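J.: Please find one structure pasted underneath; my questions will follow.
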2 protein chains.
Amino acid sequence: MRKILLTIQYNGKNFSGWQRQKNALSIEEVLENKISALLGQPIVLEASGRTDAGVHAYAQTAHFETSSNFDIEKLPQAINFGLDENISVVSAKEVAKNFHARFSVKKKTYLYKTYQSKFNLPLFESTHAKTHELLTQNFDKMVLASRHFLGTHNFRAFCSTQTNAKTFERTIFDIKLKKSNGTIDFFITGSGFLYNMVRIIVGTLISVGEGKILPEEIPDIISSQDRKKAGKTMPAHALYLYKVYY
Amino acid sequence: MRKILLTIQYNGKNFSGWQRQKNALSIEEVLENKISALLGQPIVLEASGRTDAGVHAYAQTAHFETSSNFDIEKLPQAINFGLDENISVVSAKEVAKNFHARFSVKKKTYLYKTYQSKFNLPLFESTHAKTHELLTQNFDKMVLASRHFLGTHNFRAFCSTQTNAKTFERTIFDIKLKKSNGTIDFFITGSGFLYNMVRIIVGTLISVGEGKILPEEIPDIISSQDRKKAGKTMPAHALYLYKVYY
């Protein structure tokens with residue numbers, strides 16, 4: 001058996017998320033069906049992790065095992081041929097037997113895109129979340145606030161109450177805020193993320209930008225472990241799985 | 001009569017371009033109808049210039065005259081209310097009687113977005129043009145080539161043969177190429193542009209990136225005034241009117 005790791009880009013707008021579900025179209029289902037048909041044998045994908053409904057990926061990773069000797073160089077193109085145009089396999093490589101797309105992950109980076117405007121802007125609305133114009137002025141406060149998230153913490157306050165998680169300790173390695181012409185991008189790198197964790201951290205930083213939360217209040221919010229003390233859950237359409245590190 | 005200047009953002013994908021046309025929906029028509037209904041009097045928009053079918057604008061500008069005393073502060077929101085979601089007025093201000101949205105233009109910047117990949121990428125395909133991966137390696141050659149366009153030249157070789165233009169002299173003030181993670185953005189600033197001129201200049205720089213044209217050949221292509229010697233016309237969906245300077 002060979003183990004093959006795919007890197008996959010997708011626009012999540014029309015999908016119920018990565019994971020297979022009854023009565024809803026998932027990215028996993030589309031890809032598993034396509035690859036199984038191509039190789040003439042059922043395959044099962046193991047991704048680096050799920051992404052929720054509407055969330056995108058620049059570079060999701062997933063492995064599968066197969067006895068097929070299909071040429072690995074030609075595999076991405078063969079999978080992409082006739083595939084849903086919102087999904088594209090950008091690379092394929094063989095990996096060692098003890099590699100696992102989820103368990104071997106060292107860290108992951110998510111990107112959250114926002115724009116600052118009084119009005120809905122047609123060139124941003126499908127890719128970015130709209131926020132208050134005030135954020136541009138309070139950018140430095142948001143950067144200050146972001147530093148309090150770094151390190152290992154119990155992130156229960158930044159996790160959806162609908163979670164099945166058993167442990168809430170996670171490590172944030174890096175948060176970068178990039179301000180450009182009317183936009184702010186949030187790059188968040190961590191060991192792993194709880195349900196909605198990136199979207200709630202960004203929502204909390206935006207509350208700082210709106211003057212509703214002070215940067216120095218972040219440590220208390222974290223230690224409260226109380227979801228109600230953190231900011232709101234930002235919408236899915238502006239969230240991107242950016243990079244998976246092994 | 002008051003003269004009012006609007007700044008307008010639009011996603012051009014569903015429109016026949018800025019300018020009114022029979023049997024096709026233009027951005028101008030949608031806006032003129034909306035503003036005329038709002039003010040209770042027919043108004044006529046004069047834009048900084050046309051944009052072609054499928055071309056976008058971060059900040060198109062257009063003026064109109066009106067005897068209405070509608071509060072200028074509330075005008076953008078009032079126009080945007082119920083407007084086609086692919087168009088948004090981002091600001092409105094009163095301008096002097098001798099101001100003209102087209103004739104007063106000092107310079108304009110267009111942005112052309114490309115990505116480099118073997119495969120169609122779902123997060124780029126509606127906003128960027130796909131080009132050869134080779135471009136990333138030959139970036140410096142493209143920058144070298146771009147410098148030959150600066151200054152005042154006869155740009156007939158970089159103009160669609162379907163033009164109505166009478167003069168072909170235009171001035172390019174600046175060309176900036178910005179390479180990011182798998183993308184190259186082209187910012188081109190000039191006094192004014194011939195029909196398809198930005199798209200042909202970018203197509204020519206891409207030919208340089210593909211090794212089909214050498215940077216030092218650009219002056220000869222310009223002086224040939226022969227459209228066939230320049231690169232291809234790049235597609236409309238990746239072109240953005242970025243800024244208009246007065």
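Residue numbering restarts at 1 for every chain of the structure tokens, chains are lettered A, B, ... in their displayed order, and ligands are numbered from 1 as they appear.
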Could you list the residues in chain A lying within 10 Å of chain B, using only C-alpha atoms, and format the result as a PyMOL selection string?
T.: chain A and resi 8-12+56-58+76-77+80+84-91+117-125+127+240
J.: Fewer than 4 positions away in the same chain doesn't count, so skip those; otherwise give me all residues within 8 Å of Met197 in chain A, counting only C-alpha atoms, as a list in words.
T.: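 The residues that qualify are Phe155, Phe158, Cys159, Ser160, Phe193 and Ile201 of chain A.
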J.: Could you dump the residues just selected with all heavy atoms as a short mmCIF file (atom, residue, chain, number, x, y, z; two decimals), in the first residue's frame?
T.:
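Everything below was put into out.cif:
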data_model
loop_
_atom_site.label_atom_id
_atom_site.label_comp_id
_atom_site.auth_asym_id
_atom_site.auth_seq_id
_atom_site.Cartn_x
_atom_site.Cartn_y
_atom_site.Cartn_z
N PHE A 155 -8.31 27.61 26.55
CA PHE A 155 -9.04 28.52 25.65
C PHE A 155 -10.56 28.26 25.67
O PHE A 155 -11.25 28.55 24.68
CB PHE A 155 -8.49 28.39 24.22
CG PHE A 155 -7.22 29.16 24.00
CD1 PHE A 155 -5.98 28.53 23.94
CD2 PHE A 155 -7.24 30.55 23.86
CE1 PHE A 155 -4.81 29.23 23.73
CE2 PHE A 155 -6.08 31.27 23.66
CZ PHE A 155 -4.86 30.61 23.60
N PHE A 158 -12.86 30.80 24.47
CA PHE A 158 -12.79 31.06 23.02
C PHE A 158 -13.20 29.82 22.22
O PHE A 158 -12.68 29.56 21.15
CB PHE A 158 -11.38 31.52 22.64
CG PHE A 158 -11.01 32.80 23.32
CD1 PHE A 158 -10.44 32.79 24.60
CD2 PHE A 158 -11.31 34.02 22.74
CE1 PHE A 158 -10.14 33.97 25.26
CE2 PHE A 158 -11.01 35.21 23.39
CZ PHE A 158 -10.42 35.19 24.65
N CYS A 159 -14.15 29.09 22.77
CA CYS A 159 -14.61 27.86 22.15
C CYS A 159 -16.14 27.86 22.17
O CYS A 159 -16.75 28.24 23.17
CB CYS A 159 -14.06 26.66 22.94
SG CYS A 159 -14.68 25.07 22.37
N SER A 160 -16.74 27.45 21.05
CA SER A 160 -18.20 27.34 21.01
C SER A 160 -18.68 26.43 22.14
O SER A 160 -18.06 25.42 22.44
CB SER A 160 -18.63 26.77 19.66
OG SER A 160 -19.98 26.34 19.73
N PHE A 193 -6.83 23.96 17.11
CA PHE A 193 -7.82 24.97 17.45
C PHE A 193 -9.13 24.31 17.88
O PHE A 193 -9.55 23.30 17.30
CB PHE A 193 -8.06 25.89 16.25
CG PHE A 193 -6.86 26.71 15.87
CD1 PHE A 193 -5.97 26.26 14.90
CD2 PHE A 193 -6.58 27.90 16.53
CE1 PHE A 193 -4.84 26.99 14.57
CE2 PHE A 193 -5.46 28.64 16.20
CZ PHE A 193 -4.59 28.19 15.22
N ILE A 201 -11.50 34.40 18.62
CA ILE A 201 -10.32 35.25 18.90
C ILE A 201 -10.38 36.51 18.03
O ILE A 201 -10.19 37.63 18.52
CB ILE A 201 -9.00 34.48 18.66
CG1 ILE A 201 -8.81 33.40 19.74
CG2 ILE A 201 -7.81 35.44 18.65
CD1 ILE A 201 -7.56 32.53 19.55
#
J.: Using DSSP assignments from the backbone, pull out every residue in range 100-201 of chain A that falls under helix (DSSP H, G or I) and give it to me as a ChimeraX atom specification.
T.: /A:134-137,139-147,156-158,197-201
J.: Could you jot down the CA of Tyr112 in chain A to CA of Ser224 in chain A separation for me, Å, one decimal place?
T.: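 Atom-to-atom, CA of Tyr112 in chain A to CA of Ser224 in chain A, that is 24.8 Å.
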J.: Leaving out Gln137 in chain A and any residue of its chain fewer than 3 positions from it, which residues lie within 12 Å of it when counting only C-alpha atoms, given as a count of residues only?
T.: 16
J.: Excluding Arg227 in chain B and its own-chain neighbours fewer than 3 positions away, which residues fall within 12 Å of it when counting only C-alpha atoms? Please give them as a PyMOL selection string.
T.: chain B and resi 154-163+195-197+200-201+203-204+221-224+230-233
J.: One decimal, in Å: what's the spacing between CA of Gln60 in chain B and CA of Lys178 in chain B?
T.: 22.2 Å
J.: For Ser26 in chain B, work out the shell of residues within 10 Å, counting only C-alpha atoms and skipping chain neighbours fewer than 5 positions away, then give it as a ChimeraX atom specification.
T.: /B:12,14-21,31,52-53
J.: Would you write out those residues with N, CA and C atoms, as an mmCIF file, in the first residue's frame?
T.:
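Dumped everything to again_16.cif:
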data_model
loop_
_atom_site.group_PDB
_atom_site.id
_atom_site.type_symbol
_atom_site.label_atom_id
_atom_site.label_comp_id
_atom_site.auth_asym_id
_atom_site.auth_seq_id
_atom_site.Cartn_x
_atom_site.Cartn_y
_atom_site.Cartn_z
ATOM 1 N N GLY B 12 -17.648 44.107 -11.616
ATOM 2 C CA GLY B 12 -18.175 44.248 -12.972
ATOM 3 C C GLY B 12 -18.699 42.974 -13.618
ATOM 4 N N ASN B 14 -21.290 41.102 -13.755
ATOM 5 C CA ASN B 14 -22.604 40.942 -14.391
ATOM 6 C C ASN B 14 -22.980 42.087 -15.328
ATOM 7 N N PHE B 15 -22.054 42.987 -15.585
ATOM 8 C CA PHE B 15 -22.396 44.189 -16.344
ATOM 9 C C PHE B 15 -21.688 44.242 -17.697
ATOM 10 N N SER B 16 -22.310 44.992 -18.601
ATOM 11 C CA SER B 16 -21.736 45.185 -19.932
ATOM 12 C C SER B 16 -20.657 46.269 -19.916
ATOM 13 N N GLY B 17 -20.294 46.717 -18.708
ATOM 14 C CA GLY B 17 -19.308 47.785 -18.575
ATOM 15 C C GLY B 17 -19.934 49.000 -17.922
ATOM 16 N N TRP B 18 -19.153 50.077 -17.816
ATOM 17 C CA TRP B 18 -19.691 51.288 -17.210
ATOM 18 C C TRP B 18 -20.792 51.900 -18.067
ATOM 19 N N GLN B 19 -20.533 52.062 -19.372
ATOM 20 C CA GLN B 19 -21.354 52.932 -20.214
ATOM 21 C C GLN B 19 -22.685 52.323 -20.661
ATOM 22 N N ARG B 20 -23.728 53.158 -20.620
ATOM 23 C CA ARG B 20 -25.060 52.761 -21.088
ATOM 24 C C ARG B 20 -25.004 52.150 -22.481
ATOM 25 N N GLN B 21 -25.775 51.081 -22.662
ATOM 26 C CA GLN B 21 -25.835 50.403 -23.953
ATOM 27 C C GLN B 21 -27.246 49.894 -24.140
ATOM 28 N N LEU B 31 -27.053 53.067 -11.842
ATOM 29 C CA LEU B 31 -26.844 54.190 -10.926
ATOM 30 C C LEU B 31 -27.683 55.405 -11.315
ATOM 31 N N ASP B 52 -14.614 48.503 -19.329
ATOM 32 C CA ASP B 52 -15.199 47.508 -20.238
ATOM 33 C C ASP B 52 -16.019 46.455 -19.498
ATOM 34 N N ALA B 53 -16.730 45.654 -20.250
ATOM 35 C CA ALA B 53 -17.522 44.553 -19.700
ATOM 36 C C ALA B 53 -16.645 43.671 -18.814
#
J.: Within 12 Å of Ala37 in chain B, counting only C-alpha atoms, which residues show up once you throw out same-chain ones fewer than 5 positions away? Write them as a count of residues only, please.
T.: 9
J.: A:Thr136, A:Ser207, A:Ser48, A:Ser180: which is nearest Thr109 in chain A, counting only C-alpha atoms?
T.: A:Ser48
J.: One decimal, Å: what's the distance from CA of Asn23 in chain B over to CA of Ser36 in chain B, could you say?
T.: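 Interatomic distance, CA of Asn23 in chain B to CA of Ser36 in chain B: 20.3 Å.
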J.: Could you pull the residues within 8 Å of Lys113 in chain A, counting only C-alpha atoms, minus those fewer than 6 positions along the same chain, as a PyMOL selection string?
T.: chain A and resi 127-129+183-186+238-239
J.: With C-alpha atoms retained, could you export that selection as a PDB file, in the first residue's frame?
T.:
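Okay, this is what ended up in again32.pdb:
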ATOM      1  CA  THR A 127     -14.151  37.123   0.799  1.00  0.00           C
ATOM      2  CA  HIS A 128     -13.893  39.460   3.831  1.00  0.00           C
ATOM      3  CA  ALA A 129     -15.976  40.273   6.925  1.00  0.00           C
ATOM      4  CA  THR A 183      -8.367  45.828   5.118  1.00  0.00           C
ATOM      5  CA  ILE A 184      -6.956  43.987   8.127  1.00  0.00           C
ATOM      6  CA  ASP A 185      -5.833  40.349   7.804  1.00  0.00           C
ATOM      7  CA  PHE A 186      -5.371  38.175  10.893  1.00  0.00           C
ATOM      8  CA  ALA A 238     -13.892  35.175   5.689  1.00  0.00           C
ATOM      9  CA  LEU A 239     -11.953  32.306   7.315  1.00  0.00           C
TER      10      LEU A 239
END
J.: Per DSSP on the backbone, what are the strand (DSSP E) residues of range 19-236 of chain B, as an MDAnalysis selection string?
T.: chainID B and resid 46:47 56:66 87:95 107:116 129:131 151:154 169:179 183:190
